[in-house]
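This is model05.pdb (PDB, C-alpha atoms).
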ATOM      1  CA  MET A   1      14.426  28.238   8.261
ATOM      2  CA  ALA A   2      13.924  27.241  11.896
ATOM      3  CA  THR A   3      16.711  25.732  13.969
ATOM      4  CA  ILE A   4      15.796  22.339  15.420
ATOM      5  CA  ARG A   5      17.758  20.598  18.137
ATOM      6  CA  GLU A   6      17.033  16.993  19.036
ATOM      7  CA  SER A   7      17.996  15.204  22.242
ATOM      8  CA  ASP A   8      17.271  11.845  23.838
ATOM      9  CA  LEU A   9      15.396  11.727  27.123
ATOM     10  CA  PRO A  10      16.338   8.291  28.531
ATOM     11  CA  GLY A  11      13.302   6.459  29.853
ATOM     12  CA  ILE A  12      10.985   9.159  28.481
ATOM     13  CA  GLY A  13      11.504   9.551  24.735
ATOM     14  CA  LYS A  14      12.862  12.413  22.601
ATOM     15  CA  LYS A  15      12.889  16.186  22.884
ATOM     16  CA  PHE A  16      12.860  18.572  19.928
ATOM     17  CA  GLN A  17      13.520  22.280  20.437
ATOM     18  CA  VAL A  18      12.369  24.466  17.553
ATOM     19  CA  ASP A  19      13.670  28.028  17.397
ATOM     20  CA  ALA A  20      11.518  29.721  14.743
ATOM     21  CA  ASN A  21      12.646  32.647  12.620
ATOM     22  CA  SER A  22       9.972  34.704  14.402
ATOM     23  CA  GLY A  23      11.890  34.301  17.671
ATOM     24  CA  ASP A  24       9.352  31.877  19.146
ATOM     25  CA  ARG A  25      10.604  28.729  20.828
ATOM     26  CA  LEU A  26       8.616  25.492  20.792
ATOM     27  CA  VAL A  27       9.686  22.368  22.658
ATOM     28  CA  ILE A  28       8.091  19.063  21.669
ATOM     29  CA  VAL A  29       8.537  16.022  23.886
ATOM     30  CA  ILE A  30       7.577  12.704  22.301
ATOM     31  CA  HIS A  31       7.042  10.126  25.023
ATOM     32  CA  ASP A  32       7.740   6.444  24.396
ATOM     33  CA  ASP A  33       4.044   5.745  25.099
ATOM     34  CA  GLY A  34       3.015   7.952  22.131
ATOM     35  CA  ARG A  35       1.972  11.094  24.023
ATOM     36  CA  ARG A  36       3.285  14.440  22.808
ATOM     37  CA  GLU A  37       3.787  17.511  24.955
ATOM     38  CA  LEU A  38       4.215  20.907  23.336
ATOM     39  CA  TYR A  39       5.628  23.874  25.225
ATOM     40  CA  HIS A  40       5.628  27.429  23.857
ATOM     41  CA  PHE A  41       8.164  29.750  25.504
ATOM     42  CA  GLU A  42       8.292  33.515  25.906
ATOM     43  CA  ASP A  43      10.663  35.163  23.374
ATOM     44  CA  ASP A  44      12.605  37.152  25.912
ATOM     45  CA  ASP A  45      12.526  34.542  28.717
ATOM     46  CA  PRO A  46      13.422  31.005  27.600
ATOM     47  CA  GLU A  47      12.384  29.680  31.027
ATOM     48  CA  GLU A  48       8.861  31.185  31.015
ATOM     49  CA  THR A  49       6.289  28.838  29.440
ATOM     50  CA  ILE A  50       3.435  30.658  27.699
ATOM     51  CA  SER A  51       1.403  27.525  27.069
ATOM     52  CA  GLN A  52       1.486  23.741  27.185
ATOM     53  CA  VAL A  53      -0.559  21.170  25.250
ATOM     54  CA  THR A  54      -0.594  17.383  25.667
ATOM     55  CA  LEU A  55      -1.789  15.241  22.757
ATOM     56  CA  GLU A  56      -2.354  11.521  22.384
ATOM     57  CA  ASP A  57      -0.686   9.802  19.391
ATOM     58  CA  ASP A  58      -3.722   9.974  17.070
ATOM     59  CA  GLU A  59      -4.351  13.626  17.971
ATOM     60  CA  ALA A  60      -0.715  14.519  17.303
ATOM     61  CA  ARG A  61      -0.837  12.843  13.891
ATOM     62  CA  GLN A  62      -4.014  14.725  13.024
ATOM     63  CA  VAL A  63      -2.438  18.054  14.021
ATOM     64  CA  ALA A  64       0.726  17.138  12.078
ATOM     65  CA  SER A  65      -1.311  16.552   8.917
ATOM     66  CA  ILE A  66      -2.982  19.941   9.365
ATOM     67  CA  ILE A  67       0.314  21.759   9.923
ATOM     68  CA  GLY A  68       1.949  19.828   7.078
ATOM     69  CA  GLY A  69      -0.710  20.950   4.622
ATOM     70  CA  MET A  70      -2.570  17.656   4.204
ATOM     71  CA  GLN A  71      -5.905  19.206   5.263
ATOM     72  CA  TYR A  72      -5.552  22.596   3.583
ATOM     73  CA  LYS A  73      -2.827  24.122   1.469
ATOM     74  CA  PRO A  74      -2.726  27.915   1.230
ATOM     75  CA  LYS A  75      -3.565  29.099  -2.287
ATOM     76  CA  ALA A  76      -0.278  30.988  -2.571
ATOM     77  CA  LEU A  77       1.690  27.739  -2.413
ATOM     78  CA  GLU A  78       1.588  25.943  -5.757
ATOM     79  CA  SER A  79       3.985  23.322  -4.508
ATOM     80  CA  ILE A  80       5.730  22.718  -1.235
ATOM     81  CA  GLN A  81       8.989  20.916  -0.838
ATOM     82  CA  VAL A  82      10.481  19.225   2.202
ATOM     83  CA  SER A  83      14.031  17.974   1.861
ATOM     84  CA  LEU A  84      15.706  15.295   3.994
ATOM     85  CA  ASP A  85      19.203  14.728   2.627
ATOM     86  CA  GLU A  86      18.529  13.228  -0.819
ATOM     87  CA  LEU A  87      14.844  12.527  -0.118
ATOM     88  CA  VAL A  88      12.386  15.185  -1.255
ATOM     89  CA  ILE A  89       8.702  15.207  -0.323
ATOM     90  CA  GLU A  90       6.660  17.530  -2.493
ATOM     91  CA  TRP A  91       3.035  18.530  -2.986
ATOM     92  CA  ALA A  92       2.032  18.851  -6.653
ATOM     93  CA  LYS A  93      -1.332  20.033  -7.963
ATOM     94  CA  VAL A  94      -2.936  18.122 -10.849
ATOM     95  CA  GLU A  95      -4.127  20.797 -13.270
ATOM     96  CA  PRO A  96      -7.322  20.072 -15.290
ATOM     97  CA  HIS A  97      -5.443  20.113 -18.616
ATOM     98  CA  TYR A  98      -2.836  17.514 -17.550
ATOM     99  CA  LYS A  99      -2.917  14.295 -19.582
ATOM    100  CA  SER A 100      -2.669  12.232 -16.378
ATOM    101  CA  VAL A 101      -6.196  13.269 -15.284
ATOM    102  CA  GLY A 102      -8.419  10.187 -15.020
ATOM    103  CA  LYS A 103      -5.519   7.740 -15.194
ATOM    104  CA  SER A 104      -4.608   5.329 -12.409
ATOM    105  CA  ILE A 105      -1.206   5.075 -10.750
ATOM    106  CA  ALA A 106      -0.772   1.685 -12.478
ATOM    107  CA  GLU A 107      -1.663   3.101 -15.912
ATOM    108  CA  LEU A 108       0.871   5.883 -15.453
ATOM    109  CA  GLN A 109       3.508   3.416 -14.175
ATOM    110  CA  VAL A 110       4.662   6.084 -11.745
ATOM    111  CA  ARG A 111       7.314   4.116  -9.879
ATOM    112  CA  GLN A 112       8.620   2.289 -12.972
ATOM    113  CA  ARG A 113       8.882   5.459 -15.085
ATOM    114  CA  THR A 114      10.060   7.938 -12.432
ATOM    115  CA  GLY A 115      11.227   6.050  -9.332
ATOM    116  CA  ALA A 116       9.041   8.374  -7.214
ATOM    117  CA  THR A 117       6.514   7.133  -4.660
ATOM    118  CA  ILE A 118       3.043   8.606  -4.244
ATOM    119  CA  LEU A 119       2.336   9.050  -0.525
ATOM    120  CA  ALA A 120      -1.137  10.586  -0.649
ATOM    121  CA  PHE A 121      -3.912  12.116  -2.718
ATOM    122  CA  VAL A 122      -5.537  15.200  -1.216
ATOM    123  CA  GLU A 123      -8.808  16.567  -2.564
ATOM    124  CA  LYS A 124     -11.275  19.066  -1.220
ATOM    125  CA  GLY A 125     -12.944  17.405   1.746
ATOM    126  CA  ARG A 126     -11.026  14.120   1.598
ATOM    127  CA  GLN A 127      -7.615  12.538   1.525
ATOM    128  CA  LYS A 128      -6.259   9.117   0.648
ATOM    129  CA  ILE A 129      -3.025   8.112   2.353
ATOM    130  CA  ASN A 130      -0.915   5.513   0.522
ATOM    131  CA  PRO A 131      -3.128   5.191  -2.570
ATOM    132  CA  GLY A 132      -3.057   1.896  -4.441
ATOM    133  CA  PRO A 133      -2.265   1.237  -8.114
ATOM    134  CA  GLU A 134      -5.970   1.370  -9.039
ATOM    135  CA  ASP A 135      -6.489   4.862  -7.577
ATOM    136  CA  ARG A 136      -6.993   7.556 -10.230
ATOM    137  CA  LEU A 137      -5.789  11.118 -10.481
ATOM    138  CA  THR A 138      -8.478  13.786 -10.723
ATOM    139  CA  ALA A 139      -8.322  17.424 -11.772
ATOM    140  CA  ASP A 140      -7.396  19.852  -8.989
ATOM    141  CA  MET A 141      -6.226  17.140  -6.578
ATOM    142  CA  THR A 142      -2.910  17.529  -4.811
ATOM    143  CA  VAL A 143      -0.488  14.612  -4.946
ATOM    144  CA  VAL A 144       2.065  14.159  -2.164
ATOM    145  CA  VAL A 145       5.084  12.434  -3.669
ATOM    146  CA  ALA A 146       8.507  11.359  -2.365
ATOM    147  CA  GLY A 147      11.763  10.710  -4.175
ATOM    148  CA  GLU A 148      15.074  12.219  -5.160
ATOM    149  CA  ARG A 149      15.020  15.596  -6.948
ATOM    150  CA  GLN A 150      15.396  14.060 -10.413
ATOM    151  CA  GLN A 151      12.604  11.558  -9.680
ATOM    152  CA  ILE A 152      10.294  14.383  -8.557
ATOM    153  CA  LYS A 153      11.096  16.304 -11.755
ATOM    154  CA  GLN A 154      10.265  13.222 -13.851
ATOM    155  CA  PHE A 155       7.057  12.720 -11.866
ATOM    156  CA  LYS A 156       5.921  16.293 -12.580
ATOM    157  CA  GLU A 157       6.603  15.756 -16.291
ATOM    158  CA  LEU A 158       4.598  12.516 -16.150
ATOM    159  CA  LEU A 159       1.696  14.372 -14.513
ATOM    160  CA  GLN A 160       1.610  16.892 -17.335
ATOM    161  CA  ASN A 161       2.247  14.566 -20.267
ATOM    162  CA  GLY A 162       0.503  11.415 -19.036
TER     163      GLY A 162
END
Take the structure I supplied and represent it as structure tokens, if you would.
Amino acid sequence: MATIRESDLPGIGKKFQVDANSGDRLVIVIHDDGRRELYHFEDDDPEETISQVTLEDDEARQVASIIGGMQYKPKALESIQVSLDELVIEWAKVEPHYKSVGKSIAELQVRQRTGATILAFVEKGRQKINPGPEDRLTADMTVVVAGERQQIKQFKELLQNG
């Protein structure tokens, strides 16, 4: 896993340095006005910038959703898990044979029965961020869900068993 170092830039914003397992170094500066600057550094010379990109806030969020798998999830990844202390964010595919197919979030009582929170529905060609209780699960959609590990486990069981 990559090493990430965070530091405050007073009057500017925050700086994140990402040292990837590949040896690449990426520095991301998030300005207080919403702009993001990305700097890619040469492996063998941490002072030599290979490239720089500046993004506005909405552009950065769009790129983040692409990198995070909201636009396209590689076929090899059945589920992805991001862990932040006790919080887990996971992508789970709704298989056609699951009993939850066609049911709404309210009908499934997701939060009441599992404690997990559905963050998004992702389907081919479209996504729904923060779906409401009336939104329904469909076969082959990917559900982005957040919760503690046990809540995520209960959510996956609820997906399968309705």
Can you list, as a ChimeraX atom specification, every protein, DNA or RNA residue that comes within 12 Å of Gly11 in chain A when you count all atoms listed in the file, leaving out same-chain residues fewer than 5 positions away? /A:30-33
Based on the selection just made, write C-alpha atoms of those residues as an mmCIF file, in the coordinates of the input.
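The new file selection27.cif reads:
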data_model
loop_
_atom_site.group_PDB
_atom_site.id
_atom_site.type_symbol
_atom_site.label_atom_id
_atom_site.label_comp_id
_atom_site.auth_asym_id
_atom_site.auth_seq_id
_atom_site.Cartn_x
_atom_site.Cartn_y
_atom_site.Cartn_z
ATOM 1 C CA ILE A 30 7.577 12.704 22.301
ATOM 2 C CA HIS A 31 7.042 10.126 25.023
ATOM 3 C CA ASP A 32 7.740 6.444 24.396
ATOM 4 C CA ASP A 33 4.044 5.745 25.099
#
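Considering all atoms listed in the file, the residue among A:Pro96, A:Gly13, A:Gly23, A:Gly162 positioned nearest to Asp140 in chain A is A:Pro96.
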Let me have the centre and edge lengths in Å, one decimal, of the box along x, y and z around every listed atom of range 102-106 of chain A with 6 Å of margin on each side, as AutoDock Vina command-line options.
--center_x -4.6 --center_y 5.9 --center_z -13.0 --size_x 19.6 --size_y 20.5 --size_z 16.4
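Every residue that the PyMOL selection byres ((chain A and resi 123) around 10) selects in this file is listed here: Met70, Gln71, Tyr72, Lys93, Ala120, Phe121, Val122, Lys124, Gly125, Arg126, Gln127, Lys128, Thr138, Ala139, Asp140, Met141, Thr142 and Val143 of chain A.
Distance annotation: of A:Ala116, A:Ile50, A:Ala20, A:Val63, the residue with the minimal separation from Thr3 in chain A is A:Ala20; atom set is all atoms listed in the file.
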Which residues, protein or nucleic acid, reach to within 8 Å of (13.2, 7.8, -14.0) in the file's coordinates when using all atoms listed in the file, and can you give that as a PyMOL selection string? chain A and resi 112-116+150-151+154
One-decimal distance in Å that lies between CA of Pro10 in chain A and CA of Glu48 in chain A: 24.2 Å
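In terms of minimum interatomic distance to Gly132 in chain A, A:Ile105 ranks closest within A:Val144, A:Thr117, A:Glu56, A:Ile105, counting all atoms listed in the file.
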To test your reading of the syntax: which residues would the PyMOL selection byres ((chain A and resi 5) around 7) return for the file shown? Reply as an MDAnalysis selection string. chainID A and resid 3:4 6:7 16:18
Interatomic distance, CA of Leu87 in chain A to CA of Gly147 in chain A (Å, one decimal): 5.4 Å
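Going from CA of Leu158 in chain A over to CA of Ile129 in chain A, you cover 20.5 Å.
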Give me, as JSON, numbers by chain, all polymer residues having an atom no more than 7 Å from Leu26 in chain A, counting all atoms listed in the file and skipping those fewer than 5 positions away in the same chain. {"A": [17, 18, 19, 38, 39, 40, 41]}
